[in-house]
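Below is one structure, written out as structure tokens; comments come after it.
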Amino acid sequence: TDSHIAPGCNMIDRSDITCSRFPDLQTVKDIISRGRTLVSSYDATVVELDGIIVKFGRRIYKSEAIAMQLVRSATPVPLPYCFAYFSESTYNGQGRCGYLVMEKSPGIPLVDLLPRLVEPSCDIIASQLHTHISSLRALNRRGTWGMVGRDGVYHGGFFSYLHQPIDQEQIRNGNPCVASSTQHVLDYFAKALNTLCGPDPEVMSLISRIDSTR
């Protein structure tokens with residue numbers, strides 16, 4: 001089971017998610033050992049084999065699997081099917097590791113297509129993205145681990161678990177989904193970017209041009 005426990009969330013079910021095809025962690029590790037590595041970083045590695053994707057690493061949590069299941073079942077967003085999730089407390093002597101198993105979705109990365117797209121095609125894609133984002137914003141299942149949408153609970157990174165009452169300091173430094181204004185959201189991600197990469201003049205200039213009064 002997942003040993004990464006966030007403060008105040010001890011009542012959350014951290015058990016593995018299994019299925020008949022992937023009943024245990026060993027079946028997943030078999031795919032990893034035979035599969036082709038697509039992406040590898042300090043936090044996560046992505047492996048593919050026969051239409052199955054395994055994403056694993058120290059920052060892969062059950063919340064991601066739950067979020068995928070929720071979005072796939074409650075919105076038209078075309079997410080891959082999530083088969084299973086497992087975790088172990090130690091991996092190669094480097095601490096906990098989570099394993100997310102999903103189907104491989106057909107398609108081509110949008111970033112590879114954009115330079116070749118004509119304006120009408122870009123308009124269609126923008127409309128589709130608007131529909132998907134609007135459907136995500138309509139989700140509202142407060143307290144669900146891994147929730148994406150209004151009043152959601154996030155894990156890890158720069159997101160923190162928030163508990164009532166929510167004060168202004170929590171809004172500025174916690175979950176941006178409970179921000180009360182556009183400026184709070186912009187300040188939040190500007191702070192996150194500065195922590196990761198240091199100040200970026202181009203990004204800060206872009207933020208300064210956004211109407212934060214809405």
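Lettering and numbering for the structure tokens are positional, with chains as A, B, ... in the shown order, residues counted from 1 in each chain, and ligands counted from 1 in the shown order.
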Residues within 10 Å of Thr18 (chain A), only C-alpha atoms, excluding chain neighbours under 5 positions, as an mmCIF file with N, CA and C atoms, in the first residue's frame:
```
data_model
loop_
_atom_site.group_PDB
_atom_site.id
_atom_site.type_symbol
_atom_site.label_atom_id
_atom_site.label_comp_id
_atom_site.auth_asym_id
_atom_site.auth_seq_id
_atom_site.Cartn_x
_atom_site.Cartn_y
_atom_site.Cartn_z
ATOM 1 N N PRO A 23 -3.322 -8.353 -11.362
ATOM 2 C CA PRO A 23 -3.757 -8.639 -9.995
ATOM 3 C C PRO A 23 -2.735 -8.270 -8.929
ATOM 4 N N ASP A 24 -1.468 -8.094 -9.321
ATOM 5 C CA ASP A 24 -0.451 -7.786 -8.329
ATOM 6 C C ASP A 24 0.683 -6.994 -8.979
ATOM 7 N N LEU A 25 1.580 -6.506 -8.147
ATOM 8 C CA LEU A 25 2.662 -5.653 -8.620
ATOM 9 C C LEU A 25 3.625 -6.405 -9.545
ATOM 10 N N PHE A 83 -5.979 0.931 -15.709
ATOM 11 C CA PHE A 83 -6.182 -0.451 -15.299
ATOM 12 C C PHE A 83 -5.932 -0.669 -13.814
ATOM 13 N N ALA A 84 -4.833 -0.112 -13.319
ATOM 14 C CA ALA A 84 -4.421 -0.463 -11.952
ATOM 15 C C ALA A 84 -3.446 0.558 -11.396
ATOM 16 N N TYR A 85 -3.292 0.490 -10.078
ATOM 17 C CA TYR A 85 -2.288 1.294 -9.377
ATOM 18 C C TYR A 85 -1.714 0.456 -8.241
ATOM 19 N N PHE A 86 -0.388 0.508 -8.109
ATOM 20 C CA PHE A 86 0.289 -0.183 -7.023
ATOM 21 C C PHE A 86 1.353 0.744 -6.443
ATOM 22 N N VAL A 101 -0.880 2.018 -14.188
ATOM 23 C CA VAL A 101 -0.991 1.195 -15.392
ATOM 24 C C VAL A 101 -2.199 1.657 -16.207
#
```
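The protein and nucleic acid residues lying at most 7 Å from Glu103 (chain A) are Gly51, Ile52, Ile53, Pro80, Tyr81, Cys82 and Ser105 of chain A, with only C-alpha atoms considered and sequence neighbours fewer than 2 positions away removed.
Non-sequential neighbours of Ile133 (chain A) (distance at most 12 Å, separation of 5 or more positions within a chain, only C-alpha atoms) are Val71, Thr75, Pro76, Val77, Pro78, Ala126, Ser127, Gln128, Ala138, Leu139, Val148 and Gly149 of chain A.
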Please run DSSP on the backbone and report, as a compact mmCIF listing (two decimals) with C-alpha atoms, in the first residue's frame, all residues within region 5-119 of chain A that come out as alpha helix (DSSP H).
```
# COMPACT_ATOMS: atom_id res chain seq x y z
CA LEU A 25 2.66 -5.65 -8.62
CA GLN A 26 4.74 -8.44 -10.14
CA THR A 27 2.60 -8.49 -13.29
CA VAL A 28 3.38 -4.79 -13.70
CA LYS A 29 7.10 -5.26 -13.13
CA ASP A 30 7.09 -7.93 -15.84
CA ILE A 31 5.90 -5.29 -18.32
CA ILE A 32 8.55 -2.85 -17.13
CA SER A 33 11.31 -5.42 -17.60
CA ARG A 34 10.21 -6.22 -21.19
CA LYS A 62 -2.91 6.86 -6.17
CA SER A 63 -4.53 10.27 -6.49
CA GLU A 64 -3.54 10.37 -10.15
CA ALA A 65 -5.30 7.06 -10.82
CA ILE A 66 -8.43 8.23 -8.98
CA ALA A 67 -8.42 11.52 -10.90
CA MET A 68 -8.14 9.65 -14.21
CA GLN A 69 -11.04 7.37 -13.31
CA LEU A 70 -13.18 10.30 -12.23
CA VAL A 71 -12.50 12.45 -15.30
CA ARG A 72 -12.99 9.53 -17.68
CA SER A 73 -16.34 8.57 -16.12
CA ALA A 74 -17.77 12.04 -15.54
CA LEU A 110 -0.12 18.27 -30.39
CA VAL A 111 3.23 20.03 -30.06
CA ASP A 112 4.44 18.07 -33.11
CA LEU A 113 1.44 19.11 -35.20
CA GLU A 119 -5.65 28.62 -38.61
```
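Coordinates place CA of Phe56 (chain A) at a distance of 6.1 Å from CA of Leu100 (chain A).
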For CA of Ile124 (chain A) and CA of Glu202 (chain A), quote the distance in Å rounded to one decimal. 27.7 Å
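The interatomic distance for the pair CA of Gly35 (chain A) and CA of Lys55 (chain A) works out to 11.6 Å.
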I want to know what sits within 8 Å of Asp43 (chain A), based on only C-alpha atoms, with residues of the same chain fewer than 4 positions away left out; could you give that as a PyMOL selection string? chain A and resi 57-60
Would you mind exporting all heavy atoms of the selected residues as a compact mmCIF listing (two decimals), in the first residue's frame?
```txt
# COMPACT_ATOMS: atom_id res chain seq x y z
N GLY A 57 7.36 5.78 -10.46
CA GLY A 57 8.37 6.64 -9.87
C GLY A 57 7.98 7.09 -8.48
O GLY A 57 6.89 6.78 -7.98
N ARG A 58 8.85 7.86 -7.87
CA ARG A 58 8.64 8.26 -6.48
C ARG A 58 7.52 9.28 -6.32
O ARG A 58 6.98 9.45 -5.23
CB ARG A 58 9.94 8.83 -5.90
CG ARG A 58 10.40 10.13 -6.52
CD ARG A 58 11.78 10.54 -6.02
NE ARG A 58 12.12 11.88 -6.45
CZ ARG A 58 11.91 12.97 -5.72
NH1 ARG A 58 11.38 12.85 -4.52
NH2 ARG A 58 12.24 14.17 -6.17
N ARG A 59 7.15 9.99 -7.40
CA ARG A 59 6.10 11.00 -7.30
C ARG A 59 4.81 10.56 -8.00
O ARG A 59 3.97 11.39 -8.36
CB ARG A 59 6.59 12.32 -7.91
CG ARG A 59 7.78 12.93 -7.21
CD ARG A 59 7.49 13.21 -5.74
NE ARG A 59 6.43 14.17 -5.58
CZ ARG A 59 6.61 15.49 -5.56
NH1 ARG A 59 7.83 15.98 -5.70
NH2 ARG A 59 5.61 16.31 -5.40
N ILE A 60 4.64 9.26 -8.19
CA ILE A 60 3.40 8.74 -8.78
C ILE A 60 2.53 8.23 -7.65
O ILE A 60 2.90 7.30 -6.93
CB ILE A 60 3.70 7.60 -9.78
CG1 ILE A 60 4.73 8.05 -10.81
CG2 ILE A 60 2.40 7.14 -10.46
CD1 ILE A 60 4.35 9.28 -11.58
```
